[in-house]
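K.L.:
Got a structure for you, questions after.
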Amino acid sequence: MIDTPRNPVIVRTTRREDILAIIDLCRRVYPEAPPWNEAQLESHMRVFPEGQFVAVRSGTGRVVGMAASLIVSWDDYEMTGTWRDFTDAGMFTNHDPWNGRTLYGAEIMVDPASQGRGVGRRIYDARRDLARRLRLLRIRAGARLRSYGKYADRMSADEYVEKVVRHEIRDLTLTFQLRRGFHVLAVISDYLRHDPESLGYAAVIEWINREVATRRDWAARPRRFEPPPRRRSTEHDKKPPDRSS
């Protein structure tokens, strides 16, 4: 169903009555291996209800997107940690709002029938608003390299990410996240071990909250996967007028 003024998509915090609809959404997005079960989603609601979002169509109430997140103290983990490490096997019982300054994005998914219509963008906006409201330093996540499997026989995962950052290759997940203001910190293996599209590889990505970040926070960001600078046009770039006529 198309997002129209009569049928808008609204992003709000998740309610317990949304859980079965989220599980159904998981099956539509990942038919072979749905990533979340009822026990995990119930746990998310107990430990950090403010960090869970759904996108619903106002006219029908149909859930067409979701996001799951928790707060972690990043120094308690390795950069190369897996999804299971950062989410306590999907239960979020490692949620640490007292010491943590990092909102960890464990999941964002959009119904395939609603992709390309701004649903994902609205969910990312809601997550950034949460980080700002809680005065958190940043959002970090593992971005599975969804299109890497098509290139794995030609290049390493690091080379692949470098090309995605330079806009030479489009990755179905990472390219979208870079457009949302994220920066790649590292490339890791075995993040999602049984994912056939990414072959287990993911990029560790970060969005920094400018409202609280210091110069030291910016300086500590790894620069290996820095995007190319945007080229500004100058007077010399302008095409000279055609005076032959």
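Identifiers in the structure tokens: chain A, B, ... in order shown; residue index from 1 per chain; ligand index from 1 in order shown.
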Among the residues of range 17-223 of chain A, find those DSSP assigns to helix (DSSP H, G or I) from the backbone and print them as an MDAnalysis selection string.

P.N.:
chainID A and resid 17:29 38:47 49:51 74:76 83:87 112:114 119:133 148:150 157:165 174:179 215:219

K.L.:
Counting only C-alpha atoms, give me one row per residue of range 164-239 of chain A with an atom at most 10 Å from an atom of range 111-134 of chain A, showing the shortest contact pair and its distance in Å to one decimal, sorted by chain then residue number, as a tab-separated table.

P.N.:
```
residue	atom	partner	partner_atom	distance
A:Phe176	CA	A:Arg121	CA	8.9
A:Gln177	CA	A:Tyr124	CA	8.9
A:Arg179	CA	A:Arg121	CA	9.7
A:Arg180	CA	A:Arg121	CA	7.6
A:Trp207	CA	A:Arg128	CA	8.5
A:Ile208	CA	A:Ala131	CA	9.5
A:Asn209	CA	A:Arg132	CA	6.7
A:Arg210	CA	A:Arg132	CA	9.0
A:Glu211	CA	A:Arg132	CA	7.4
A:Val212	CA	A:Arg132	CA	8.5
```

K.L.:
Skipping near chain neighbours, those fewer than 5 positions away, what residues fall within 6 Å of Leu145 in chain A using only C-alpha atoms, listed as a VMD selection string?

P.N.:
chain A and resid 198 201 to 202

K.L.:
Go ahead and write the residues just picked, N, CA and C atoms, as a compact mmCIF listing (two decimals), in the first residue's frame.

P.N.:
```txt
# COMPACT_ATOMS: atom_id res chain seq x y z
N SER A 198 25.92 -11.32 3.16
CA SER A 198 27.12 -10.62 3.61
C SER A 198 28.29 -11.54 3.86
N TYR A 201 30.18 -10.64 7.00
CA TYR A 201 30.92 -9.39 7.14
C TYR A 201 29.98 -8.22 7.42
N ALA A 202 30.53 -7.27 8.18
CA ALA A 202 29.78 -6.05 8.51
C ALA A 202 30.74 -4.89 8.65
```

K.L.:
May I have the residues within 12 Å of range 25-40 of chain A as an MDAnalysis selection string, using only C-alpha atoms and disregarding those fewer than 3 positions away in the same chain?

P.N.:
chainID A and resid 16:22 43:47 54:56 62:68 83:84 87:93 106:115 192 194:197

K.L.:
Run DSSP on the backbone of this structure and report the residues of range 42-240 of chain A it assigns to strand (DSSP E or B), as a PyMOL selection string.

P.N.:
chain A and resi 53-57+63-72+102-110+138-144+183-188+202-208

K.L.:
Could you save the residues just selected, with C-alpha atoms, as a tab-separated table (two decimals), in the first residue's frame?

P.N.:
```
chain	number	residue	atom	x	y	z
A	53	PHE	CA	10.28	1.79	17.44
A	54	VAL	CA	7.71	0.66	14.90
A	55	ALA	CA	6.55	2.31	11.69
A	56	VAL	CA	2.80	1.78	11.21
A	57	ARG	CA	0.29	2.85	8.62
A	63	VAL	CA	3.53	-2.58	10.98
A	64	VAL	CA	5.80	-1.85	8.00
A	65	GLY	CA	9.07	-1.19	9.83
A	66	MET	CA	10.80	-1.58	13.17
A	67	ALA	CA	13.96	-0.62	15.04
A	68	ALA	CA	15.54	-2.16	18.12
A	69	SER	CA	18.31	-0.53	20.14
A	70	LEU	CA	20.00	-0.44	23.53
A	71	ILE	CA	22.58	1.66	25.35
A	72	VAL	CA	26.04	0.19	25.88
A	102	THR	CA	26.48	4.80	22.91
A	103	LEU	CA	23.10	3.91	21.46
A	104	TYR	CA	23.66	0.58	19.76
A	105	GLY	CA	21.46	-0.05	16.74
A	106	ALA	CA	20.72	-3.75	16.87
A	107	GLU	CA	18.15	-3.79	14.07
A	108	ILE	CA	16.26	-1.72	11.55
A	109	MET	CA	14.03	-3.42	9.01
A	110	VAL	CA	11.40	-2.27	6.53
A	138	ARG	CA	26.72	8.62	19.42
A	139	ILE	CA	24.93	5.83	17.64
A	140	ARG	CA	26.96	2.81	16.56
A	141	ALA	CA	25.88	-0.34	14.78
A	142	GLY	CA	27.06	-3.23	12.69
A	143	ALA	CA	25.98	-2.69	9.09
A	144	ARG	CA	25.89	-6.06	7.40
A	183	HIS	CA	30.82	6.96	9.03
A	184	VAL	CA	32.60	3.59	8.73
A	185	LEU	CA	35.00	2.83	11.58
A	186	ALA	CA	36.05	-0.72	10.73
A	187	VAL	CA	35.19	-3.88	8.82
A	188	ILE	CA	34.65	-7.08	10.78
A	202	ALA	CA	29.78	-6.05	8.51
A	203	ALA	CA	30.97	-2.48	8.74
A	204	VAL	CA	31.05	-0.86	12.17
A	205	ILE	CA	29.33	2.50	11.60
A	206	GLU	CA	28.96	5.61	13.73
A	207	TRP	CA	26.86	8.76	13.88
A	208	ILE	CA	28.14	11.40	16.32
```

K.L.:
Have a look at CA of Glu50 in chain A and CA of Thr13 in chain A and let me know their distance in Å, one decimal.

P.N.:
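That distance, rounded to one decimal, is 6.4 Å.
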